[in-house]
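Participant: The structure is given below, and queries will be raised subsequently.
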Amino acid sequence: MTIPHSRPFIDKDDIMAVSAVLASGQIAQGKKLKEFEDAVAAFIGTKYAVAVSSGTAALYLALRALQIGYDHEIIVPSYVCSSPFWAIKLIGAQPKIVDIDLSDFNISASEVKKNITPKTKAVIVPHMFGCPAEIDELIDIGIPIIEDCAQALGAEFKNRKVGSFGTISVFSFYATKMITTGEGGMILTNNQRLVERIKEIRDYDKRSLEILRFNFKMTDLQAALGISQMKKLKNFIEKRRRTASLYSKNFKSSMLRLPVEAANRKSTYYRYVVLTKERKSLQEFARIRDISCERPVWKPLHRYFKTTGYPNSDFAYKYALSIPIYPRLTQMEKKYLIREIALILRRLARNDRFNLRNRYSV
Ligand SMILES: Cc1ncc(COP(=O)(O)O)c(C=O)c1O
């Protein structure tokens with residue numbers, strides 16, 4: 001049995017939805033796009049949504065809508081993929097990298113406060129691994145918040161969906177995200193002026209040359225898949241949450257710090273991330289058993305620049321490991337994964353490395 005770290009969930013309904021659009025002849029941006037935008041806005045609880053080509057494009061367009069420019073600084077956590085960094089660079093602004101809280105791997109509000117300067121124009125707040133950040137406290141700081149919900153479609157803070165708190169929020173529909181359109185993204189907000197600016201930049205055709213534009217559009221083919229996936233989202237989240245509690249029941253070990261859901265937060269469990277001093281061994285021995293566990297963030301941003309002063313991001317980089325969790329995992333796969341990981345943990349606790357290297361010993 002081979003268990004990849006991540007896999008999309010595509011069923012017959014998805015295939016039929018995309019085929020119907022193909023057959024209709026209307027395959028670029030059209031009616032389906034509007035239907036997808038409306039479905040996501042209604043689900044999250046914002047007035048407006050604009051679908052675009054990727055989560056990174058959504059971040060770039062959110063920054064453009066907020067009229068961020070060359071002389072501005074954007075605060076961003078170190079422990080995140082490089083997408084927010086590139087969106088900030090593309091706009092010509094300065095990323096101000098700050099540390100995270102280890103309790104939930106999210107941006108630290110106290111670090112944000114320490115790093116504000118007169119040039120700070122926004123804070124990008126990714127809800128990491130599907131776990132909502134302490135958004136109330138971040139909003140109280142008084143700087144516009146861009147919620148990055150790429151991993152958190154459906155997560156809740158105080159019974160309200162993340163993505164409805166910030167000035168603007170962004171989503172990704174990459175192949176292995178909460179729902180997928182292959183590639184794709186969306187921007188949500190209650191502010192009509194921001195929406196108008198984004199729609200103006202998303203397209204270049206039959207428009208003035210006075211502002212910078214590009215083709216950031218999503219197609220109806222993708223939107224049809226998105227609509228079909230939205231119908232399954234509630235079930236996806238339930239499945240992920242059930243799997244997470246199953247893991248937490250079975251992986252109790254003195255060597256692991258398991259993910260915890262703080263009060264008032266409902267995680268989507270986009271990732272199931274444990275902290276362990278045995279990260280390397282657990283990853284290596286799981287691979288021997290064809291279970292692919294990964295570092296949940298490939299490299300914290302500050303480490304690209306070889307800078308120091310980010311102890312929590314460094315700690316997470318060293319010790320965090322993501323164990324496969326996604327709706328497509330079958331009961332058999334989960335049983336296998338739980339048995340094998342629990343076995344590895346027991347043997348690591350006894351320092352029994354000889355038997356760990358032997359793939360077939362049980
Ligand atoms: C937190 C976060 N932000 C932004 C992105 C970028 O999304 P996309 O890959 O759709 O450009 C991702 C995707 O991996 C992400 O995890």
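We label chains A, B, ... in the order they appear in the structure tokens, count residues from 1 in each chain, and number ligands from 1 in the order shown.
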Residues within 7 Å of ligand 1 should be enumerated using only C-alpha atoms and all ligand atoms and returned as a list in words.
Facilitator: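 Listing the residues within 7 Å of ligand 1 gives Ser54, Gly55, Thr56, Ala57, Val80, Cys81, Ser83, Pro84, Pro126, Met128, Asp148, Cys149, Ala150, Gln151, Ser172, Phe173, Tyr174, Glu183, Gly184 and Gly185 of chain A.
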Participant: I'd like the contact shell of range 298-315 of chain A - 12 Å cut-off, only C-alpha atoms, skipping same-chain residues fewer than 2 positions apart - returned as a PyMOL selection string.
Facilitator: chain A and resi 76-86+95-108+111+275-277+279+294-296+317-322
Participant: Wanna dump the range 47-105 of chain A-range 209-232 of chain A contacts at 8 Å for me, each residue with its shortest atom pair and the distance in Å to one decimal, counting only C-alpha atoms, ordered by chain and number, as CSV?
Facilitator:
```
residue,atom,partner,partner_atom,distance
A:Ala51,CA,A:Met218,CA,6.2
A:Val52,CA,A:Lys217,CA,4.9
A:Ser53,CA,A:Met218,CA,4.9
A:Ala57,CA,A:Phe216,CA,6.8
```
Participant: For each of A:Cys131, A:Thr189, A:Leu66, A:Val297, take the minimum atom-to-atom distance to Glu37 in chain A, counting only C-alpha atoms, then give the residue where this is smallest.
Facilitator: A:Thr189
Participant: Using only C-alpha atoms, which residue out of A:Ser6, A:Gln26, A:Ser245, A:Asn351 lies closest to Met178 in chain A?
Facilitator: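 Closest residue, counting only C-alpha atoms: A:Ser6.
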Participant: Write out as a PyMOL selection string each polymer residue whose atoms come within 12 Å of Ala62 in chain A, counting only C-alpha atoms; drop sequence neighbours fewer than 2 positions from it.
Facilitator: chain A and resi 49-52+55-60+64-68+84+87-88+91+122-124+144-148+166-171+185-189+191+193-199+201-202
Participant: As a ChimeraX atom specification, please: every residue in range 111-278 of chain A that a backbone DSSP assignment puts in strand (DSSP E or B).
Facilitator: /A:120-126,145-148,156-157,160-161,168-172,185-189,257,265-266,272-275
Participant: Those selected residues, please, written with N, CA, C and O atoms and delivered as a compact mmCIF listing (two decimals), in the first residue's frame.
Facilitator:
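Writing the result to again.txt gives the following:
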```
# COMPACT_ATOMS: atom_id res chain seq x y z
N THR A 120 3.93 50.52 7.11
CA THR A 120 3.13 49.28 7.11
C THR A 120 1.73 49.54 6.58
O THR A 120 1.01 50.39 7.12
N LYS A 121 1.35 48.81 5.54
CA LYS A 121 0.03 49.04 4.94
C LYS A 121 -0.92 47.86 5.09
O LYS A 121 -2.13 48.00 4.87
N ALA A 122 -0.40 46.69 5.37
CA ALA A 122 -1.29 45.52 5.52
C ALA A 122 -0.54 44.38 6.22
O ALA A 122 0.70 44.37 6.25
N VAL A 123 -1.32 43.46 6.77
CA VAL A 123 -0.75 42.24 7.36
C VAL A 123 -1.39 41.05 6.65
O VAL A 123 -2.62 40.99 6.52
N ILE A 124 -0.56 40.15 6.14
CA ILE A 124 -1.11 38.92 5.54
C ILE A 124 -1.18 37.85 6.64
O ILE A 124 -0.17 37.55 7.30
N VAL A 125 -2.39 37.33 6.84
CA VAL A 125 -2.62 36.36 7.92
C VAL A 125 -3.05 35.01 7.33
O VAL A 125 -4.23 34.79 7.08
N PRO A 126 -2.09 34.11 7.09
CA PRO A 126 -2.50 32.77 6.63
C PRO A 126 -3.04 31.97 7.81
O PRO A 126 -2.46 32.01 8.90
N ILE A 145 -6.15 43.84 7.25
CA ILE A 145 -5.78 42.42 7.29
C ILE A 145 -6.18 41.76 5.98
O ILE A 145 -7.32 41.87 5.53
N ILE A 146 -5.21 41.06 5.36
CA ILE A 146 -5.52 40.19 4.22
C ILE A 146 -5.53 38.77 4.79
O ILE A 146 -4.48 38.24 5.15
N GLU A 147 -6.70 38.19 4.90
CA GLU A 147 -6.76 36.81 5.38
C GLU A 147 -6.37 35.87 4.24
O GLU A 147 -6.98 35.91 3.17
N ASP A 148 -5.37 35.04 4.48
CA ASP A 148 -4.97 34.04 3.49
C ASP A 148 -5.60 32.70 3.89
O ASP A 148 -5.10 32.02 4.79
N GLU A 156 -13.58 27.90 11.07
CA GLU A 156 -14.40 28.88 11.79
C GLU A 156 -13.68 29.42 13.02
O GLU A 156 -12.97 28.69 13.70
N PHE A 157 -13.89 30.70 13.25
CA PHE A 157 -13.42 31.37 14.47
C PHE A 157 -14.65 31.97 15.13
O PHE A 157 -15.37 32.75 14.51
N ARG A 160 -17.85 31.76 13.17
CA ARG A 160 -17.95 32.52 11.92
C ARG A 160 -16.83 32.06 11.00
O ARG A 160 -15.71 31.81 11.45
N LYS A 161 -17.12 31.96 9.71
CA LYS A 161 -16.14 31.44 8.75
C LYS A 161 -14.95 32.39 8.62
O LYS A 161 -15.15 33.62 8.49
N ILE A 168 -10.02 42.03 3.35
CA ILE A 168 -10.11 41.26 2.11
C ILE A 168 -9.56 39.86 2.42
O ILE A 168 -8.74 39.72 3.33
N SER A 169 -10.02 38.85 1.71
CA SER A 169 -9.47 37.51 1.97
C SER A 169 -9.22 36.79 0.65
O SER A 169 -9.86 37.10 -0.37
N VAL A 170 -8.30 35.84 0.70
CA VAL A 170 -7.96 35.11 -0.53
C VAL A 170 -8.02 33.61 -0.28
O VAL A 170 -7.80 33.13 0.83
N PHE A 171 -8.31 32.88 -1.36
CA PHE A 171 -8.45 31.43 -1.31
C PHE A 171 -7.68 30.81 -2.48
O PHE A 171 -7.47 31.47 -3.50
N SER A 172 -7.27 29.56 -2.31
CA SER A 172 -6.61 28.83 -3.40
C SER A 172 -7.39 27.55 -3.68
O SER A 172 -7.89 26.90 -2.75
N GLY A 185 -8.05 30.53 -7.82
CA GLY A 185 -8.09 31.30 -6.57
C GLY A 185 -9.31 32.18 -6.52
O GLY A 185 -10.06 32.29 -7.51
N MET A 186 -9.53 32.81 -5.36
CA MET A 186 -10.67 33.73 -5.24
C MET A 186 -10.36 34.79 -4.21
O MET A 186 -9.59 34.56 -3.26
N ILE A 187 -10.97 35.97 -4.42
CA ILE A 187 -10.81 37.08 -3.49
C ILE A 187 -12.20 37.42 -2.97
O ILE A 187 -13.14 37.56 -3.76
N LEU A 188 -12.34 37.54 -1.66
CA LEU A 188 -13.64 37.86 -1.06
C LEU A 188 -13.53 39.14 -0.25
O LEU A 188 -12.50 39.39 0.40
N THR A 189 -14.59 39.94 -0.26
CA THR A 189 -14.61 41.17 0.52
C THR A 189 -16.04 41.70 0.61
O THR A 189 -16.91 41.27 -0.15
N ARG A 257 3.99 16.06 19.95
CA ARG A 257 2.98 17.04 20.37
C ARG A 257 1.93 17.05 19.27
O ARG A 257 2.20 17.40 18.13
N ARG A 265 -12.36 27.79 18.04
CA ARG A 265 -11.83 27.63 16.68
C ARG A 265 -12.19 26.25 16.13
O ARG A 265 -12.12 25.25 16.85
N LYS A 266 -12.55 26.24 14.85
CA LYS A 266 -12.84 24.96 14.20
C LYS A 266 -11.92 24.85 12.99
O LYS A 266 -12.02 25.65 12.05
N TYR A 272 -2.44 17.59 9.12
CA TYR A 272 -2.35 17.09 10.49
C TYR A 272 -0.86 17.17 10.85
O TYR A 272 -0.05 16.35 10.38
N VAL A 273 -0.53 18.19 11.64
CA VAL A 273 0.90 18.49 11.87
C VAL A 273 1.28 18.17 13.31
O VAL A 273 0.68 18.70 14.25
N VAL A 274 2.27 17.31 13.46
CA VAL A 274 2.77 16.99 14.80
C VAL A 274 4.15 17.62 14.97
O VAL A 274 4.84 17.92 13.99
N LEU A 275 4.53 17.83 16.23
CA LEU A 275 5.89 18.29 16.53
C LEU A 275 6.61 17.16 17.24
O LEU A 275 6.08 16.60 18.20
```
Participant: Calculate how many Å separate CA of Thr181 in chain A from CA of Pro8 in chain A, rounding to one decimal.
Facilitator: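 Spanning CA of Thr181 in chain A to CA of Pro8 in chain A is a straight-line distance of 10.0 Å.
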Participant: How far is it from CA of Lys119 in chain A to CA of Leu90 in chain A, in Å with one decimal?
Facilitator: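 So the two atoms, CA of Lys119 in chain A and CA of Leu90 in chain A, lie 17.5 Å apart.
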Participant: Tell me which protein, DNA and RNA residues are within 10 Å of Arg287 in chain A, counting only C-alpha atoms, leaving out same-chain ones fewer than 4 positions away, and put them as number ranges by chain.
Facilitator: A: 2-4, 281-283, 291-294, 359
Participant: Which is closer to Glu200 in chain A than all the others in A:Leu61, A:Arg289, A:Ile139, A:Ala263, using only C-alpha atoms?
Facilitator: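 With only C-alpha atoms as the atom set, the closest residue is A:Leu61.
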Participant: Using only C-alpha atoms, which of A:Leu153, A:Asp205, A:Gly69, A:Ile116 sits nearest Gln94 in chain A?
Facilitator: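 Closest candidate: A:Gly69.
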Participant: In Å, rounded to a single decimal, give me how far CA of Pro132 in chain A is from CA of Glu35 in chain A.
Facilitator: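 Between CA of Glu35 in chain A and CA of Pro132 in chain A the gap is 26.7 Å.
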Participant: Run DSSP on the backbone and give me the residues of range 159-341 of chain A it puts in alpha helix (DSSP H), as JSON, numbers by chain.
Facilitator: {"A": [192, 193, 194, 195, 196, 197, 198, 199, 200, 201, 202, 220, 221, 222, 223, 224, 225, 226, 227, 228, 229, 230, 233, 234, 235, 236, 237, 238, 239, 240, 241, 242, 243, 244, 245, 246, 247, 248, 249, 250, 279, 280, 281, 282, 283, 284, 285, 286, 287, 288, 301, 302, 303, 304, 311, 312, 313, 314, 315, 316, 317, 318, 319, 331, 332, 333, 334, 335, 336, 337, 338, 339, 340, 341]}
Participant: How would the residues just chosen look if you wrote them out with C-alpha atoms as a compact mmCIF listing (two decimals), in the first residue's frame?
Facilitator:
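Done, and the output landed in result_29.txt:
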```
# COMPACT_ATOMS: atom_id res chain seq x y z
CA GLN A 192 -17.37 47.17 -3.49
CA ARG A 193 -14.56 49.58 -4.41
CA LEU A 194 -11.98 46.84 -3.88
CA VAL A 195 -13.99 44.48 -6.10
CA GLU A 196 -14.22 47.05 -8.88
CA ARG A 197 -10.45 47.59 -8.81
CA ILE A 198 -9.75 43.85 -8.96
CA LYS A 199 -12.16 43.22 -11.84
CA GLU A 200 -10.56 46.08 -13.72
CA ILE A 201 -7.08 44.53 -13.43
CA ARG A 202 -8.12 40.88 -13.93
CA ASP A 220 -15.92 28.19 -16.78
CA LEU A 221 -14.38 24.73 -17.04
CA GLN A 222 -12.63 25.34 -13.73
CA ALA A 223 -15.66 27.06 -12.21
CA ALA A 224 -17.89 24.07 -13.03
CA LEU A 225 -15.48 21.84 -11.13
CA GLY A 226 -15.44 24.37 -8.28
CA ILE A 227 -19.26 24.41 -8.03
CA SER A 228 -19.36 20.62 -7.98
CA GLN A 229 -16.62 20.49 -5.32
CA MET A 230 -18.39 23.10 -3.16
CA LEU A 233 -17.06 20.65 1.01
CA LYS A 234 -19.06 20.02 4.18
CA ASN A 235 -18.44 16.31 3.80
CA PHE A 236 -14.72 16.90 3.05
CA ILE A 237 -14.36 18.89 6.27
CA GLU A 238 -16.23 16.30 8.35
CA LYS A 239 -14.06 13.53 6.93
CA ARG A 240 -10.86 15.43 7.67
CA ARG A 241 -11.99 16.22 11.21
CA ARG A 242 -12.99 12.62 11.89
CA THR A 243 -9.63 11.38 10.61
CA ALA A 244 -7.82 13.95 12.78
CA SER A 245 -9.57 12.74 15.93
CA LEU A 246 -8.83 9.14 14.98
CA TYR A 247 -5.13 10.01 14.59
CA SER A 248 -5.09 11.90 17.88
CA LYS A 249 -6.58 8.89 19.68
CA ASN A 250 -4.03 6.52 18.19
CA ARG A 279 10.87 14.24 12.89
CA LYS A 280 13.59 12.91 10.61
CA SER A 281 13.32 9.34 11.89
CA LEU A 282 9.54 9.29 11.78
CA GLN A 283 9.61 10.62 8.21
CA GLU A 284 12.28 8.15 7.13
CA PHE A 285 10.68 5.07 8.70
CA ALA A 286 7.22 6.02 7.41
CA ARG A 287 8.70 6.27 3.91
CA ILE A 288 10.12 2.76 4.24
CA LEU A 301 10.99 32.67 4.57
CA HIS A 302 13.74 34.03 6.83
CA ARG A 303 15.89 30.98 6.17
CA TYR A 304 16.17 31.85 2.45
CA PRO A 311 13.00 30.93 17.04
CA ASN A 312 9.47 29.58 16.67
CA SER A 313 9.63 29.28 12.89
CA ASP A 314 13.02 27.58 13.27
CA PHE A 315 11.56 25.19 15.84
CA ALA A 316 8.66 24.32 13.52
CA TYR A 317 11.05 23.89 10.59
CA LYS A 318 13.12 21.43 12.60
CA TYR A 319 10.41 19.45 14.33
CA GLN A 331 -10.70 3.09 5.67
CA MET A 332 -8.07 0.51 4.71
CA GLU A 333 -5.44 3.16 4.06
CA LYS A 334 -6.20 4.88 7.35
CA LYS A 335 -6.01 1.58 9.21
CA TYR A 336 -2.66 0.83 7.61
CA LEU A 337 -1.31 4.32 8.27
CA ILE A 338 -2.40 4.31 11.93
CA ARG A 339 -0.98 0.84 12.56
CA GLU A 340 2.36 1.63 10.94
CA ILE A 341 2.84 5.09 12.47
```
Participant: Calculated over only C-alpha atoms, which of the candidates A:His127, A:Arg7, A:Ser254, A:Val21 has the smallest distance to Pro327 in chain A?
Facilitator: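 Checking each of A:His127, A:Arg7, A:Ser254, A:Val21 against Pro327 in chain A, counting only C-alpha atoms, the winner is A:Arg7.
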